[in-house]
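> Sharing model25.csv below, CSV, C-alpha atoms:
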chain,number,residue,atom,x,y,z
A,79,MET,CA,0.0,0.0,0.0
A,80,GLN,CA,2.8,2.4,0.9
A,81,LEU,CA,4.6,1.6,-2.4
A,82,VAL,CA,1.4,2.4,-4.4
A,83,SER,CA,1.1,5.7,-2.5
A,84,LEU,CA,4.8,6.5,-3.2
A,85,ILE,CA,4.4,5.8,-6.9
A,86,ALA,CA,1.2,7.8,-7.0
A,87,VAL,CA,2.9,10.8,-5.4
A,88,SER,CA,6.0,10.5,-7.6
A,89,LEU,CA,4.2,10.3,-10.9
A,90,PRO,CA,3.5,14.0,-11.3
A,91,GLY,CA,7.2,14.8,-10.6
A,92,LEU,CA,8.4,12.2,-13.1
A,93,ALA,CA,6.0,13.5,-15.7
A,94,ALA,CA,7.4,17.0,-15.2
A,95,LEU,CA,11.0,15.8,-15.4
A,96,GLY,CA,10.2,13.9,-18.6
A,97,ALA,CA,8.6,17.0,-20.0
A,98,LEU,CA,11.6,19.1,-19.0
A,99,LEU,CA,14.0,16.6,-20.6
A,100,PHE,CA,11.9,16.5,-23.8
A,101,THR,CA,11.9,20.3,-24.0
A,102,TRP,CA,15.6,20.5,-23.4
A,103,MET,CA,16.2,18.0,-26.3
A,104,GLN,CA,13.9,20.0,-28.5
A,105,VAL,CA,15.8,23.2,-27.7
A,106,GLY,CA,19.1,21.5,-28.3
A,107,GLN,CA,18.0,20.2,-31.7
A,108,ALA,CA,16.6,23.6,-32.7
A,109,SER,CA,19.9,25.2,-31.7
A,110,LYS,CA,21.9,22.7,-33.7
A,111,GLU,CA,19.7,23.2,-36.7
A,112,LEU,CA,20.0,27.0,-36.3
A,113,ARG,CA,23.8,26.7,-36.2
A,114,ILE,CA,23.8,24.6,-39.4
A,115,SER,CA,21.5,27.1,-41.1
A,116,GLU,CA,23.8,30.0,-40.0
A,117,HIS,CA,26.9,28.2,-41.3
A,118,GLY,CA,25.1,27.5,-44.6
A,119,GLN,CA,24.2,31.2,-44.9
A,120,ILE,CA,27.8,32.3,-44.1
A,121,THR,CA,29.1,29.8,-46.7
A,122,SER,CA,26.7,31.3,-49.3
A,123,ARG,CA,27.7,34.8,-48.4
A,124,PHE,CA,31.4,33.9,-48.5
A,125,ASN,CA,31.1,32.4,-52.0
A,126,ALA,CA,29.2,35.4,-53.3
A,127,ALA,CA,31.7,37.8,-51.8
A,128,VAL,CA,34.7,35.9,-53.3
A,129,ASN,CA,33.0,35.9,-56.7
A,130,ASN,CA,32.6,39.6,-56.5
A,131,LEU,CA,36.3,40.0,-55.8
A,132,GLY,CA,37.0,38.5,-59.2
A,133,SER,CA,34.6,40.9,-61.0
A,134,GLN,CA,35.8,43.5,-63.6
A,135,SER,CA,33.6,46.1,-61.9
A,136,LEU,CA,35.3,48.1,-59.2
A,137,ASP,CA,31.9,48.6,-57.4
A,138,ALA,CA,31.4,44.8,-57.3
A,139,ARG,CA,34.9,44.2,-55.9
A,140,LEU,CA,34.3,46.8,-53.2
A,141,GLY,CA,31.1,45.1,-52.4
A,142,GLY,CA,33.0,41.8,-52.1
A,143,VAL,CA,35.5,43.4,-49.7
A,144,TYR,CA,32.8,44.8,-47.5
A,145,ALA,CA,30.8,41.6,-47.5
A,146,LEU,CA,33.9,39.7,-46.3
A,147,GLN,CA,34.4,42.4,-43.6
A,148,ARG,CA,30.9,41.6,-42.3
A,149,ILE,CA,31.5,37.9,-42.4
A,150,MET,CA,34.8,38.4,-40.4
A,151,GLN,CA,32.8,40.3,-37.8
A,152,ASP,CA,30.0,37.7,-37.6
A,153,SER,CA,32.0,34.5,-37.6
A,154,VAL,CA,35.0,33.8,-35.4
A,155,ARG,CA,35.4,30.5,-37.2
A,156,ASP,CA,35.8,32.1,-40.6
A,157,HIS,CA,37.8,35.1,-39.5
A,158,PRO,CA,41.3,33.6,-40.3
A,159,THR,CA,40.1,32.5,-43.8
A,160,VAL,CA,38.8,35.9,-44.6
A,161,VAL,CA,42.1,37.5,-43.5
A,162,SER,CA,44.0,35.3,-45.9
A,163,VAL,CA,41.6,36.0,-48.8
A,164,LEU,CA,41.7,39.7,-48.3
A,165,ALA,CA,45.5,39.7,-48.0
A,166,ALA,CA,45.9,37.7,-51.2
A,167,PHE,CA,43.4,40.0,-53.0
A,168,ALA,CA,45.3,43.1,-51.9
A,169,GLN,CA,48.7,41.6,-52.9
A,170,ARG,CA,47.5,40.6,-56.3
A,171,HIS,CA,45.6,43.7,-57.2
A,172,ALA,CA,48.0,46.3,-55.8
A,173,GLY,CA,50.8,45.2,-58.1
A,174,SER,CA,54.4,44.2,-57.5
A,175,SER,CA,56.9,46.4,-55.7
A,176,THR,CA,59.6,44.9,-58.0
A,177,LYS,CA,58.0,46.9,-60.8
A,178,SER,CA,56.9,50.0,-58.8
A,179,LEU,CA,60.4,50.6,-57.3
A,180,GLU,CA,61.6,51.2,-60.8
A,181,GLU,CA,59.5,54.4,-60.8
A,182,PRO,CA,60.8,57.3,-58.9
A,183,LEU,CA,58.2,59.4,-57.0
A,184,ALA,CA,58.0,63.1,-57.7
A,185,ALA,CA,60.2,65.0,-55.3
A,186,GLY,CA,58.5,66.5,-52.3
A,187,ARG,CA,55.0,64.9,-52.9
A,188,ASP,CA,53.4,61.5,-53.1
A,189,ASP,CA,51.8,61.0,-56.6
A,190,HIS,CA,50.4,57.5,-56.2
A,191,ARG,CA,47.6,55.8,-54.2
A,192,PRO,CA,46.5,52.2,-54.1
A,193,GLU,CA,43.2,51.6,-55.9
A,194,ALA,CA,40.0,51.9,-53.8
A,195,ASP,CA,39.4,48.2,-53.6
A,196,VAL,CA,43.0,47.5,-52.5
A,197,GLN,CA,42.8,50.3,-49.9
A,198,ALA,CA,39.5,48.9,-48.6
A,199,ALA,CA,40.9,45.4,-48.3
A,200,ILE,CA,43.9,46.6,-46.3
A,201,ALA,CA,41.8,48.9,-44.2
A,202,THR,CA,39.6,46.0,-43.3
A,203,LEU,CA,42.7,43.9,-42.3
A,204,ALA,CA,44.0,46.8,-40.3
A,205,ARG,CA,40.8,47.2,-38.3
A,206,ARG,CA,40.1,43.6,-37.6
A,207,ARG,CA,40.4,41.9,-34.2
A,208,PRO,CA,43.9,40.4,-34.3
A,209,GLU,CA,43.1,38.0,-31.4
A,210,ARG,CA,40.9,36.0,-33.8
A,211,ASP,CA,43.7,35.4,-36.3
A,212,SER,CA,44.6,31.9,-34.9
A,213,GLY,CA,48.2,32.4,-36.1
A,214,THR,CA,47.3,33.6,-39.6
A,215,ILE,CA,50.0,36.0,-40.9
A,216,ILE,CA,49.0,38.8,-43.2
A,217,ASP,CA,51.2,38.4,-46.2
A,218,LEU,CA,51.8,41.6,-48.2
A,219,THR,CA,55.3,40.9,-49.3
A,220,TYR,CA,56.5,42.5,-52.6
A,221,THR,CA,53.4,44.6,-52.7
A,222,ASP,CA,53.1,48.1,-54.2
A,223,LEU,CA,51.6,50.2,-51.4
A,224,ARG,CA,52.9,53.6,-52.3
A,225,GLY,CA,50.9,56.4,-50.7
A,226,LEU,CA,48.9,54.0,-48.5
A,227,ARG,CA,46.8,55.8,-45.9
A,228,PHE,CA,43.9,55.3,-43.7
A,229,THR,CA,40.9,57.5,-43.2
A,230,GLY,CA,39.0,58.0,-39.9
A,231,LYS,CA,40.4,57.6,-36.4
A,232,ALA,CA,40.1,53.8,-35.9
A,233,SER,CA,43.2,52.1,-34.7
A,234,ILE,CA,45.6,50.5,-37.3
A,235,ASN,CA,46.3,47.0,-36.0
A,236,LEU,CA,48.9,45.1,-38.1
A,237,PRO,CA,51.1,43.3,-35.6
A,238,GLU,CA,53.4,40.7,-37.2
A,239,VAL,CA,52.3,41.7,-40.7
A,240,ASP,CA,54.7,40.6,-43.4
A,241,LEU,CA,55.6,43.6,-45.5
A,242,SER,CA,59.1,42.4,-46.6
A,243,ASP,CA,60.2,44.0,-49.8
A,244,ALA,CA,57.1,46.1,-50.0
A,245,ASP,CA,57.0,49.6,-51.6
A,246,LEU,CA,55.7,51.9,-48.9
A,247,ARG,CA,57.1,55.2,-50.0
A,248,TRP,CA,55.0,58.1,-48.7
A,249,ALA,CA,52.7,55.7,-46.8
A,250,THR,CA,51.0,57.1,-43.8
A,251,LEU,CA,51.1,54.6,-40.9
A,252,SER,CA,51.1,57.1,-38.0
A,253,GLY,CA,50.1,55.4,-34.7
A,254,ALA,CA,50.0,52.0,-36.3
A,255,ASP,CA,50.6,48.8,-34.3
A,256,LEU,CA,53.4,47.1,-36.2
A,257,ARG,CA,54.9,45.1,-33.4
A,258,LYS,CA,57.1,42.3,-34.6
A,259,ALA,CA,56.3,43.2,-38.2
A,260,SER,CA,58.5,42.0,-41.0
A,261,LEU,CA,59.7,45.0,-43.0
A,262,SER,CA,63.1,43.7,-44.2
A,263,TYR,CA,64.2,45.3,-47.4
A,264,ALA,CA,61.0,47.3,-47.5
A,265,ASN,CA,61.2,50.9,-49.0
A,266,LEU,CA,59.6,53.3,-46.5
A,267,GLU,CA,61.3,56.5,-47.8
A,268,SER,CA,59.3,59.6,-46.8
A,269,ALA,CA,56.8,57.5,-45.0
A,270,TYR,CA,54.9,58.8,-41.9
A,271,LEU,CA,55.3,56.5,-38.9
A,272,ASP,CA,54.9,59.0,-36.1
A,273,GLU,CA,54.1,57.3,-32.8
A,274,ALA,CA,53.9,53.9,-34.5
A,275,ASN,CA,54.7,50.9,-32.4
A,276,LEU,CA,57.5,49.0,-34.2
A,277,ARG,CA,58.8,47.2,-31.2
A,278,ALA,CA,61.0,44.2,-32.2
A,279,ALA,CA,60.1,44.8,-35.8
A,280,ASP,CA,62.5,43.5,-38.5
A,281,LEU,CA,63.7,46.4,-40.6
A,282,ALA,CA,67.0,44.7,-41.8
A,283,GLY,CA,68.1,46.2,-45.1
A,284,ALA,CA,65.2,48.6,-45.3
A,285,SER,CA,65.2,52.0,-47.0
A,286,LEU,CA,64.0,54.6,-44.5
A,287,GLY,CA,65.5,57.8,-45.8
A,288,GLY,CA,63.4,60.8,-45.0
A,289,ALA,CA,60.8,58.8,-43.0
A,290,ARG,CA,59.2,60.3,-39.9
A,291,PHE,CA,59.4,58.3,-36.7
A,292,THR,CA,58.7,61.1,-34.2
A,293,GLY,CA,57.7,59.5,-30.9
A,294,ALA,CA,57.7,56.0,-32.4
A,295,ASN,CA,58.6,52.9,-30.4
A,296,LEU,CA,61.5,51.1,-32.2
A,297,ARG,CA,62.7,49.4,-29.1
A,298,GLU,CA,64.6,46.1,-29.9
A,299,ALA,CA,64.0,46.7,-33.6
A,300,ASP,CA,66.4,45.1,-36.0
A,301,MET,CA,67.9,47.7,-38.4
A,302,THR,CA,71.0,45.9,-39.3
A,303,CYS,CA,72.4,45.2,-42.8
A,304,GLY,CA,70.6,42.6,-44.9
A,305,GLY,CA,72.2,40.6,-47.6
A,306,GLY,CA,75.4,38.6,-47.4
A,307,ILE,CA,73.6,35.5,-48.6
A,308,PRO,CA,75.6,33.3,-50.9
A,309,SER,CA,74.5,33.6,-54.5
A,310,GLU,CA,74.2,30.9,-57.2
A,311,THR,CA,77.9,31.5,-58.0
A,312,GLY,CA,78.8,30.8,-54.4
A,313,GLU,CA,79.8,34.4,-53.7
A,314,ALA,CA,78.2,36.5,-51.0
A,315,GLU,CA,75.9,39.2,-52.3
A,316,PRO,CA,76.5,42.8,-51.2
A,317,ALA,CA,75.0,43.8,-47.9
A,318,PHE,CA,72.1,46.2,-47.9
A,319,CYS,CA,72.5,48.4,-44.9
A,320,VAL,CA,69.6,50.4,-43.5
A,321,ASP,CA,69.3,53.9,-45.0
A,322,LEU,CA,68.1,56.5,-42.5
A,323,GLN,CA,69.5,59.6,-44.1
A,324,TYR,CA,67.5,62.7,-43.2
A,325,ALA,CA,65.0,60.5,-41.2
A,326,TRP,CA,63.1,62.1,-38.3
A,327,LEU,CA,63.7,60.0,-35.1
A,328,ASP,CA,63.2,62.7,-32.5
A,329,ASP,CA,61.8,61.5,-29.2
A,330,THR,CA,61.9,57.9,-30.5
A,331,ASP,CA,62.4,54.9,-28.2
A,332,LEU,CA,65.4,53.1,-29.7
A,333,ARG,CA,66.5,51.2,-26.6
A,334,ASN,CA,68.3,48.0,-27.5
A,335,ALA,CA,67.7,48.6,-31.2
A,336,ARG,CA,70.3,47.0,-33.5
A,337,MET,CA,71.5,49.7,-35.9
A,338,SER,CA,75.1,48.7,-36.7
A,339,ASN,CA,76.3,50.1,-40.0
A,340,ALA,CA,73.1,52.2,-40.4
A,341,ASP,CA,73.3,55.3,-42.4
A,342,LEU,CA,72.1,58.1,-40.1
A,343,ARG,CA,73.7,61.1,-41.8
A,344,GLU,CA,71.8,64.3,-41.1
A,345,ALA,CA,69.1,62.3,-39.3
A,346,THR,CA,67.2,64.0,-36.5
A,347,LEU,CA,67.6,62.1,-33.2
A,348,ALA,CA,66.8,65.0,-30.8
A,349,GLY,CA,65.6,63.6,-27.5
A,350,ALA,CA,65.8,60.0,-28.7
A,351,ASP,CA,66.4,57.2,-26.2
A,352,LEU,CA,69.2,55.1,-27.6
A,353,ARG,CA,70.3,53.4,-24.3
A,354,HIS,CA,72.0,50.1,-25.0
A,355,ALA,CA,71.4,50.4,-28.8
A,356,ASP,CA,74.0,48.8,-31.1
A,357,LEU,CA,75.4,51.6,-33.2
A,358,ARG,CA,78.7,50.1,-34.1
A,359,HIS,CA,80.1,51.6,-37.3
A,360,ALA,CA,76.9,53.6,-37.8
A,361,ASP,CA,77.3,56.9,-39.8
A,362,LEU,CA,76.0,59.7,-37.6
A,363,ARG,CA,77.8,62.5,-39.3
A,364,ARG,CA,75.9,65.9,-39.1
A,365,ALA,CA,73.0,64.2,-37.3
A,366,ASP,CA,71.1,66.2,-34.7
A,367,LEU,CA,71.7,64.3,-31.4
A,368,THR,CA,70.5,67.1,-29.1
A,369,ASN,CA,69.5,65.8,-25.7
A,370,ALA,CA,69.6,62.2,-27.0
A,371,ASP,CA,70.5,59.4,-24.5
A,372,PHE,CA,73.3,57.1,-25.6
A,373,ARG,CA,74.2,55.6,-22.2
A,374,GLY,CA,75.2,52.0,-22.6
A,375,ALA,CA,75.1,52.2,-26.4
A,376,LYS,CA,77.7,50.4,-28.5
A,377,LEU,CA,79.5,53.1,-30.5
A,378,THR,CA,82.7,51.4,-31.6
A,379,GLY,CA,83.6,52.8,-35.0
A,380,ALA,CA,80.6,55.1,-35.2
A,381,ALA,CA,81.2,58.3,-37.3
A,382,LEU,CA,80.1,61.4,-35.3
A,383,GLN,CA,81.8,64.2,-37.2
A,384,GLY,CA,79.8,67.4,-37.4
A,385,ALA,CA,76.9,65.9,-35.2
A,386,LYS,CA,75.0,68.3,-32.9
A,387,ARG,CA,75.8,67.0,-29.4
A,388,THR,CA,74.2,69.6,-27.1
A,389,GLY,CA,72.8,67.9,-24.0
A,390,ALA,CA,73.5,64.4,-25.4
A,391,ARG,CA,74.5,61.8,-22.8
A,392,GLY,CA,76.7,58.8,-23.2
A,393,LEU,CA,78.7,59.9,-26.2
A,394,PRO,CA,82.5,59.6,-26.4
A,395,LYS,CA,84.3,62.9,-25.9
A,396,GLU,CA,85.1,64.8,-29.0
A,397,GLY,CA,88.7,64.2,-30.0
As structure tokens - that is how I would like this structure written.


Amino acid sequence: MQLVSLIAVSLPGLAALGALLFTWMQVGQASKELRISEHGQITSRFNAAVNNLGSQSLDARLGGVYALQRIMQDSVRDHPTVVSVLAAFAQRHAGSSTKSLEEPLAAGRDDHRPEADVQAAIATLARRRPERDSGTIIDLTYTDLRGLRFTGKASINLPEVDLSDADLRWATLSGADLRKASLSYANLESAYLDEANLRAADLAGASLGGARFTGANLREADMTCGGGIPSETGEAEPAFCVDLQYAWLDDTDLRNARMSNADLREATLAGADLRHADLRHADLRRADLTNADFRGAKLTGAALQGAKRTGARGLPKEG
């Protein structure tokens, strides 16, 4: 009798539990079906966007770029793939720096801009969320990016981007996050990099003449000579040392930077922090070193003739 009563009392609870379990299973199934539907929609959107990138119409290509931008925002899973596609698109449509570097820019002004679709693709990459990259590297090597610039006030996030051998003359990258970026052999003549973060960036063999680095972070950056690699004949190719002639490096953080053999003739280094930098055999003739800090820097063989030394610390005495 007691068992019958217990069962009678328990039945409503068991029924409620069963109903709850059934509802939970239904919700789970609906959620799964929704995810499948969303993935299918994103795949369709992705395919349509990529097709637009191959269009002959500039408007269609721009539409493809902005569609991929939206997909990158909506789907963490597809973010790395979109990054790779946009980088490949920009690299292909911008043209090769090997060809562009044969063309001198007009003195005193930039007379080139990337096409609107290329600019839009790179702007999308620069304003993505890098933490979603999953190790994907933005490959813009050997790319013609003369006069590249960004509109608006949004941050430029390009850490670890590969811009090796790129043509970035007259580019505007002020305030950009370029930590650990690969810029070896890149041409950044007359580029604007004020307050950019280039900490631990690779600038070996780069051309930086006339570039502006005012207030930039170049701490631990590699600005040593490139080259010296054996050629097919077995002989070492000539080294390409960093050209910083007439560069603006005032108030720049250059602590622990590697700058041996760099050409810094007539560069402005006023107020720069060069503590423990490697400047062996660097050419600092006629450079402005006013109030710069060279304490602990390696200066063996550095040429300092005609340099402005007022207030500079850590320099060898003039002899």

> With all atoms listed in the file as the atoms that count, which of A:Arg391, A:Arg336, A:Arg247, A:Arg353 lies nearest to A:Glu181?

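Of A:Arg391, A:Arg336, A:Arg247, A:Arg353, the one nearest A:Glu181 is A:Arg247, counting all atoms listed in the file.
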
> Tell me, as a VMD selection string, which residues lie within 10 Å of A:Gly287, counting only C-alpha atoms; anything in the same chain fewer than 4 positions away does not count.

chain A and resid 247 265 to 269 320 to 326 341 to 343 345

> Quick one: distance from atom CA of A:Gly349 to atom CA of A:Pro237 in Å, one decimal?

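Computed distance, atom CA of A:Gly349 to atom CA of A:Pro237, equals 26.2 Å.
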
> Rounded to one decimal, what separation in Å do you get between atom CA of A:Gly142 and atom CA of A:Asp217?

19.4 Å

> Give the answer as one residue: which of A:Asp240, A:Asp280, A:Asp245, A:Glu193 has the shortest atom-to-atom distance to A:Ala165, using only C-alpha atoms?

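Comparing A:Asp240, A:Asp280, A:Asp245, A:Glu193 against A:Ala165, the winner is A:Asp240.
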
> Taking only C-alpha atoms into account, name the residue in A:His190, A:Arg257, A:Arg210, A:Arg155 that is nearest to A:Arg224.

A:His190

> Pick out the closest residue to A:Ala375 from this set: A:Ala274, A:Leu352, A:Ala360, A:Ala294. Count all atoms listed in the file.

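Of all the options, A:Leu352 lies closest to A:Ala375.
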
> Take atom CA of A:Pro208 and atom CA of A:Lys231 and report the distance between them in Å, one decimal.

17.7 Å

> So that I can see what lies close to A:Asp243, please list as number ranges by chain the residues with an atom at most 12 Å from it, counting all atoms listed in the file and leaving out residues fewer than 6 positions away in the same chain.

A: 174-179, 217-223, 260-266, 280-285, 304

> Counting all atoms listed in the file, which residue out of A:Arg148, A:Arg207, A:Arg333, A:Lys386 sits closest to A:Phe124?

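Closest to A:Phe124, using all atoms listed in the file: A:Arg148.
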
> Within 7 Å of stretch 125-136 of chain A, counting only C-alpha atoms, which residues show up once you throw out same-chain ones fewer than 5 positions away? Write them as a list in words, please.

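Near stretch 125-136 of chain A, the qualifying residues are Gly142, Ala145, Leu146 and Asp195 of chain A.
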
> Taking 2 positions as the minimum chain separation for residues in the same chain, which residues sit within 12 Å of A:Gly379 when counting only C-alpha atoms? Answer as a ChimeraX atom specification.

/A:338-340,356-362,376-377,381-383,394

> Could you check the closest approach to A:Asp211 for each of A:Asn275, A:Ser162, A:Thr250, A:Thr330 and tell me which residue wins, using all atoms listed in the file?

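The closest residue to A:Asp211 is A:Ser162.
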
> At a cut-off of 9 Å, using all atoms listed in the file, what residues contact A:Ala201? Leave out same-chain residues fewer than 6 positions from it and give the result as a PyMOL selection string.

chain A and resi 227-229+234

> Those residues you just picked out, can you put them in a file as an mmCIF file, keeping the file's coordinate frame with C-alpha atoms?


data_model
loop_
_atom_site.group_PDB
_atom_site.id
_atom_site.type_symbol
_atom_site.label_atom_id
_atom_site.label_comp_id
_atom_site.auth_asym_id
_atom_site.auth_seq_id
_atom_site.Cartn_x
_atom_site.Cartn_y
_atom_site.Cartn_z
ATOM 1 C CA ARG A 227 46.800 55.800 -45.900
ATOM 2 C CA PHE A 228 43.900 55.300 -43.700
ATOM 3 C CA THR A 229 40.900 57.500 -43.200
ATOM 4 C CA ILE A 234 45.600 50.500 -37.300
#
